[in-house]
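What follows is the content of data22.cif (mmCIF, C-alpha atoms).
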data_input
#
loop_
_atom_site.label_atom_id
_atom_site.label_comp_id
_atom_site.auth_asym_id
_atom_site.auth_seq_id
_atom_site.Cartn_x
_atom_site.Cartn_y
_atom_site.Cartn_z
CA MET A 1 148.46 95.33 46.64
CA LYS A 2 145.58 97.46 47.95
CA LYS A 3 142.53 95.71 49.30
CA TYR A 4 139.19 97.20 48.32
CA ASP A 5 135.85 96.73 50.07
CA LEU A 6 134.10 95.09 47.10
CA SER A 7 130.86 94.67 49.02
CA LYS A 8 130.69 98.42 49.70
CA ILE A 9 131.50 99.19 46.06
CA MET A 10 128.76 96.86 44.77
CA LYS A 11 126.17 98.29 47.19
CA ARG A 12 127.00 101.82 46.06
CA ALA A 13 126.71 100.78 42.39
CA TRP A 14 123.28 99.19 42.98
CA LYS A 15 122.16 102.33 44.84
CA ILE A 16 123.02 104.46 41.79
CA LYS A 17 121.27 101.92 39.53
CA LYS A 18 118.07 102.11 41.63
CA MET A 19 118.00 105.91 41.31
CA ASP A 20 116.95 105.41 37.70
CA LYS A 21 116.03 102.03 36.19
CA ARG A 22 117.43 103.19 32.85
CA ASN A 23 120.92 103.33 34.35
CA ILE A 24 123.24 100.63 33.01
CA PHE A 25 124.78 98.71 35.90
CA GLY A 26 128.20 98.52 34.22
CA LEU A 27 128.33 102.33 34.00
CA CYS A 28 127.16 102.64 37.61
CA LEU A 29 130.05 100.40 38.62
CA LYS A 30 132.50 102.58 36.66
CA ILE A 31 131.22 105.66 38.48
CA VAL A 32 131.73 104.03 41.87
CA TRP A 33 135.28 102.90 41.00
CA ALA A 34 136.08 106.45 39.86
CA GLU A 35 134.76 107.81 43.17
CA HIS A 36 136.77 105.24 45.13
CA LYS A 37 140.02 105.97 43.28
CA LEU A 38 139.53 109.70 43.74
CA THR A 39 139.06 109.13 47.46
CA GLU A 40 142.34 107.21 47.52
CA LYS A 41 144.09 109.98 45.59
CA ILE A 42 142.99 112.70 48.01
CA ARG A 43 143.98 110.66 51.07
CA PHE A 44 141.16 111.78 53.30
CA ASP A 45 143.20 112.22 56.46
CA PHE A 46 141.10 115.12 57.71
CA ASP A 47 140.84 113.52 61.16
CA ALA A 48 144.63 113.53 61.50
CA LYS A 49 144.72 117.17 62.54
CA PRO A 50 148.00 118.62 63.81
CA GLU A 51 147.86 119.47 67.51
CA VAL A 52 148.14 123.11 68.52
CA SER A 53 149.31 124.04 72.00
CA LEU A 54 150.08 127.67 72.83
CA ASN A 55 152.82 128.18 75.39
CA ILE A 56 153.38 131.92 75.24
CA LYS A 57 154.29 134.76 77.57
CA GLY A 58 152.13 137.86 77.89
CA SER A 59 149.32 139.47 79.83
CA GLU A 60 146.08 137.59 80.41
CA LYS A 61 144.39 139.77 77.80
CA GLN A 62 147.17 139.13 75.23
CA ILE A 63 147.04 135.37 75.77
CA ARG A 64 143.23 135.32 75.30
CA TRP A 65 143.66 137.40 72.14
CA CYS A 66 146.27 134.97 70.80
CA GLN A 67 144.05 131.98 71.56
CA ASP A 68 141.22 133.67 69.65
CA ILE A 69 143.49 134.36 66.63
CA CYS A 70 144.77 130.78 66.72
CA ASN A 71 141.33 129.18 67.08
CA LYS A 72 139.80 131.24 64.26
CA ALA A 73 142.66 130.45 61.85
CA ILE A 74 142.71 126.70 62.54
CA THR A 75 138.89 126.43 62.55
CA TYR A 76 138.72 128.28 59.23
CA LEU A 77 141.23 125.85 57.71
CA ASN A 78 139.50 122.76 59.13
CA ASP A 79 136.08 123.92 57.88
CA ASN A 80 137.39 124.61 54.38
CA ILE A 81 139.20 121.27 54.17
CA ALA A 82 136.05 119.43 55.27
CA ASN A 83 133.88 121.38 52.82
CA MET A 84 136.21 120.79 49.84
CA ILE A 85 136.56 117.10 50.64
CA GLU A 86 132.76 116.85 50.71
CA GLN A 87 132.46 118.72 47.39
CA THR A 88 135.11 116.47 45.85
CA ARG A 89 133.22 113.36 46.93
CA LYS A 90 129.83 114.72 45.87
CA LEU A 91 130.89 116.05 42.46
CA ASN A 92 133.52 113.37 41.80
CA THR A 93 135.96 116.00 40.58
CA GLU A 94 139.68 116.63 40.97
CA HIS A 95 139.19 120.40 40.77
CA PHE A 96 139.64 120.96 44.51
CA LEU A 97 142.69 118.70 44.97
CA GLY A 98 145.11 121.63 44.77
CA ASP A 99 143.09 123.67 47.27
CA ILE A 100 142.85 120.75 49.71
CA LYS A 101 146.58 120.12 49.52
CA VAL A 102 147.46 123.79 50.10
CA TYR A 103 144.93 124.13 52.96
CA LYS A 104 146.41 121.04 54.65
CA GLU A 105 149.96 122.30 54.24
CA VAL A 106 149.03 125.76 55.55
CA ARG A 107 147.32 124.11 58.53
CA THR A 108 150.49 122.14 59.30
CA ASP A 109 152.64 125.27 58.87
CA LEU A 110 150.39 127.33 61.14
CA ALA A 111 150.28 124.64 63.83
CA HIS A 112 154.09 124.58 63.80
CA PHE A 113 154.19 128.39 63.98
CA PHE A 114 151.77 128.58 66.92
CA ASN A 115 153.54 125.78 68.79
CA ASN A 116 156.91 127.51 68.42
CA CYS A 117 155.81 131.01 69.46
CA VAL A 118 157.23 132.18 72.79
CA GLU A 119 155.85 135.72 73.07
CA ALA A 120 152.23 136.78 72.55
CA SER A 121 153.45 139.64 70.35
CA GLN A 122 154.68 137.12 67.74
CA ILE A 123 151.07 136.15 67.04
CA ILE A 124 149.40 139.52 67.63
CA ASP A 125 151.76 141.28 65.21
CA LYS A 126 150.68 138.84 62.48
CA ARG A 127 146.94 138.95 63.20
CA VAL A 128 146.14 140.51 59.78
CA THR A 129 148.21 137.90 57.92
CA LEU A 130 146.51 135.16 59.94
CA SER A 131 143.00 136.39 59.09
CA ALA A 132 140.65 134.17 57.11
CA ARG A 133 140.74 136.62 54.20
CA ASN A 134 144.53 136.52 53.83
CA ILE A 135 144.72 132.76 54.29
CA SER A 136 142.05 132.36 51.59
CA GLU A 137 143.95 134.62 49.15
CA TYR A 138 147.18 132.71 49.77
CA VAL A 139 145.49 129.36 49.16
CA GLU A 140 143.80 130.60 45.98
CA ASN A 141 147.09 131.89 44.56
CA ASN A 142 148.91 128.65 45.30
CA ALA A 143 146.17 126.17 44.38
CA ASN A 144 146.62 127.17 40.74
CA SER A 145 150.34 126.48 41.07
CA TYR A 146 149.52 123.01 42.38
CA ARG A 147 147.21 122.32 39.46
CA LYS A 148 149.93 123.28 36.99
CA PHE A 149 153.18 122.30 38.69
CA GLY A 150 152.25 120.10 41.67
CA LYS A 151 153.80 122.51 44.21
CA ARG A 152 153.49 125.95 45.77
CA LEU A 153 155.57 128.61 44.08
CA CYS A 154 155.00 131.74 46.17
CA GLU A 155 157.78 132.90 48.47
CA LYS A 156 157.05 133.16 52.17
CA ASN A 157 158.97 134.15 55.29
CA TYR A 158 160.64 131.13 56.89
CA CYS A 159 162.51 130.92 60.18
CA VAL A 160 165.88 129.21 59.75
CA GLU A 161 167.10 127.84 63.10
CA GLU A 162 170.61 126.56 63.71
CA LEU A 163 170.45 123.70 66.22
CA THR A 164 173.00 122.57 68.79
CA THR A 165 173.97 118.92 69.20
CA THR A 166 171.30 118.62 71.92
CA GLY A 167 168.61 119.93 69.58
CA ARG A 168 168.34 123.40 71.14
CA VAL A 169 168.23 126.56 69.05
CA ASN A 170 171.62 128.25 68.83
CA LYS A 171 170.53 131.14 66.60
CA SER A 172 167.76 131.91 64.15
CA THR A 173 167.14 134.18 61.17
CA THR A 174 164.17 134.90 58.93
CA ARG A 175 164.48 134.43 55.17
CA LYS A 176 162.13 134.77 52.23
CA VAL A 177 162.19 131.37 50.53
CA ALA A 178 160.17 129.71 47.76
CA VAL A 179 158.41 126.64 49.12
CA ASP A 180 160.10 124.27 46.69
CA GLU A 181 163.55 125.56 47.71
CA ILE A 182 163.28 124.89 51.47
CA GLU A 183 164.94 121.47 51.49
CA GLU A 184 167.63 122.72 49.11
CA LEU A 185 168.40 125.63 51.46
CA LYS A 186 168.49 123.37 54.50
CA ASN A 187 170.83 120.86 52.82
CA GLU A 188 173.12 123.63 51.59
CA LEU A 189 173.43 125.15 55.08
CA GLU A 190 174.12 121.78 56.69
CA LYS A 191 176.70 120.92 54.03
CA HIS A 192 178.64 124.19 54.45
CA THR A 193 178.48 124.47 58.26
CA GLY A 194 178.25 120.85 59.37
CA LYS A 195 175.40 121.83 61.70
CA GLU A 196 171.76 120.79 61.77
CA TYR A 197 169.01 123.25 60.80
CA ARG A 198 165.25 123.47 61.16
CA VAL A 199 163.17 125.53 58.73
CA TYR A 200 159.52 126.41 59.28
CA LEU A 201 157.00 128.96 58.06
CA VAL A 202 156.55 132.05 60.23
CA TYR A 203 154.06 134.00 58.05
#
Write the structure described by the file as structure tokens, please.
Amino acid sequence: MKKYDLSKIMKRAWKIKKMDKRNIFGLCLKIVWAEHKLTEKIRFDFDAKPEVSLNIKGSEKQIRWCQDICNKAITYLNDNIANMIEQTRKLNTEHFLGDIKVYKEVRTDLAHFFNNCVEASQIIDKRVTLSARNISEYVENNANSYRKFGKRLCEKNYCVEELTTTGRVNKSTTRKVAVDEIEELKNELEKHTGKEYRVYLVY
């Protein structure tokens, strides 16, 4: 059973009541409970950001360029997540839930991509795809899918890595896969080959 901070809830209700003496306290309390439940639903784990650590080969100029691409992409995602969480709290609406979820998933995907890059060219070649404009378009397209179906529907390029018994990569291929089919693909490969696979977004 979840424990709620009743003192905090009551203080917030009285604060709303004091904004206008005509406000009915019972309705103020309902508003606060709605805000609290929405907060729980969103799971405000913005502080739990995935760590990004570039370990790539290339010239000094290429590495600086990659760091700039990486920093801009992750900062853009963090800023948008923070802004939408704030709007959700302020307006007490579920409208941005899909956007927040997609932004968080894209942030996790990108962190995994950056952490697994070996050559600077892997990031530089995708600099247009990793731009704020393209990330924004991708989120907008998929947020609507989340509102309707609770999942992303667009296909994206995923790296499928076959792992050895020690966890090293034996071979890898790139496939276009719908987000909701990733686990199914992974399970099917493992079932037919008896080997372990790792699948992650490569944009």
Using the chain letters and residue numbers of this document, give as an MDAnalysis selection string the residues selected by the PyMOL selection byres ((chain A and resi 114) around 10).
-> chainID A and resid 51:56 66:67 70 109:113 115:118 120 122:123 202
Could you pull the residues within 10 Å of Cys28 of chain A, counting all atoms listed in the file, minus those fewer than 6 positions along the same chain, as an NGL selection string?
-> :A and (10 or 12-18 or 34)
Would you put the residues from that selection into a file with C-alpha atoms, as an mmCIF file, in the coordinates of the input?
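Result written to result-v3.cif:
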data_model
loop_
_atom_site.group_PDB
_atom_site.id
_atom_site.type_symbol
_atom_site.label_atom_id
_atom_site.label_comp_id
_atom_site.auth_asym_id
_atom_site.auth_seq_id
_atom_site.Cartn_x
_atom_site.Cartn_y
_atom_site.Cartn_z
ATOM 1 C CA MET A 10 128.760 96.860 44.770
ATOM 2 C CA ARG A 12 127.000 101.820 46.060
ATOM 3 C CA ALA A 13 126.710 100.780 42.390
ATOM 4 C CA TRP A 14 123.280 99.190 42.980
ATOM 5 C CA LYS A 15 122.160 102.330 44.840
ATOM 6 C CA ILE A 16 123.020 104.460 41.790
ATOM 7 C CA LYS A 17 121.270 101.920 39.530
ATOM 8 C CA LYS A 18 118.070 102.110 41.630
ATOM 9 C CA ALA A 34 136.080 106.450 39.860
#
In terms of the shortest atom-to-atom distance over only C-alpha atoms, which of A:Val199, A:Leu189, A:Ile31, A:Val106 is closest to Ala73 of chain A?
->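 Among A:Val199, A:Leu189, A:Ile31, A:Val106, it is A:Val106 that comes nearest to Ala73 of chain A.
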Enter the distance from atom CA of Ala132 of chain A to atom CA of Arg198 of chain A, in Å, rounded to one decimal.
-> 27.1 Å
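If you look at atom CA of Val102 of chain A and atom CA of Glu188 of chain A, they are 25.7 Å away from each other.
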Expressed in Å to a single decimal, how great is the separation between atom CA of Tyr197 of chain A and atom CA of Cys159 of chain A?
->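 A separation of 10.1 Å between them.
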Which neighbours of Glu162 of chain A fall inside 6 Å, counting all atoms listed in the file, when residues of the same chain fewer than 5 positions from it are skipped, and could you give them as a PyMOL selection string?
-> chain A and resi 169-171+197
Long-range neighbours of Thr108 of chain A as number ranges by chain, 9 Å cut-off, only C-alpha atoms, 5 positions minimum in chain = A: 49-50, 103, 113
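Using only C-alpha atoms, the residues found no farther than 9 Å from segment 76-81 of chain A, other than those of its own chain fewer than 2 positions away, are Phe46, Lys49, Asn71, Lys72, Ala73, Ile74, Asn83, Met84, Ile85, Glu86, Asp99, Ile100, Lys101, Tyr103, Lys104, Val106, Arg107, Ala132, Ile135 and Ser136 of chain A.
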Among listed residues A:Trp33, A:Ser121, A:Thr75, A:Glu161, nearest Arg175 of chain A (using only C-alpha atoms) |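 Closest to Arg175 of chain A, using only C-alpha atoms: A:Glu161.
When all atoms listed in the file are used to measure the gap to Lys126 of chain A, the shortest distance among A:Arg64, A:Thr173, A:Ile69, A:Lys8 belongs to A:Ile69.
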Non-local contacts of Gly194 of chain A (12 Å; only C-alpha atoms; under 6 positions in same chain excluded) as a list in words | Glu162, Leu163, Thr164, Thr165, Lys186, Asn187 and Glu188 of chain A
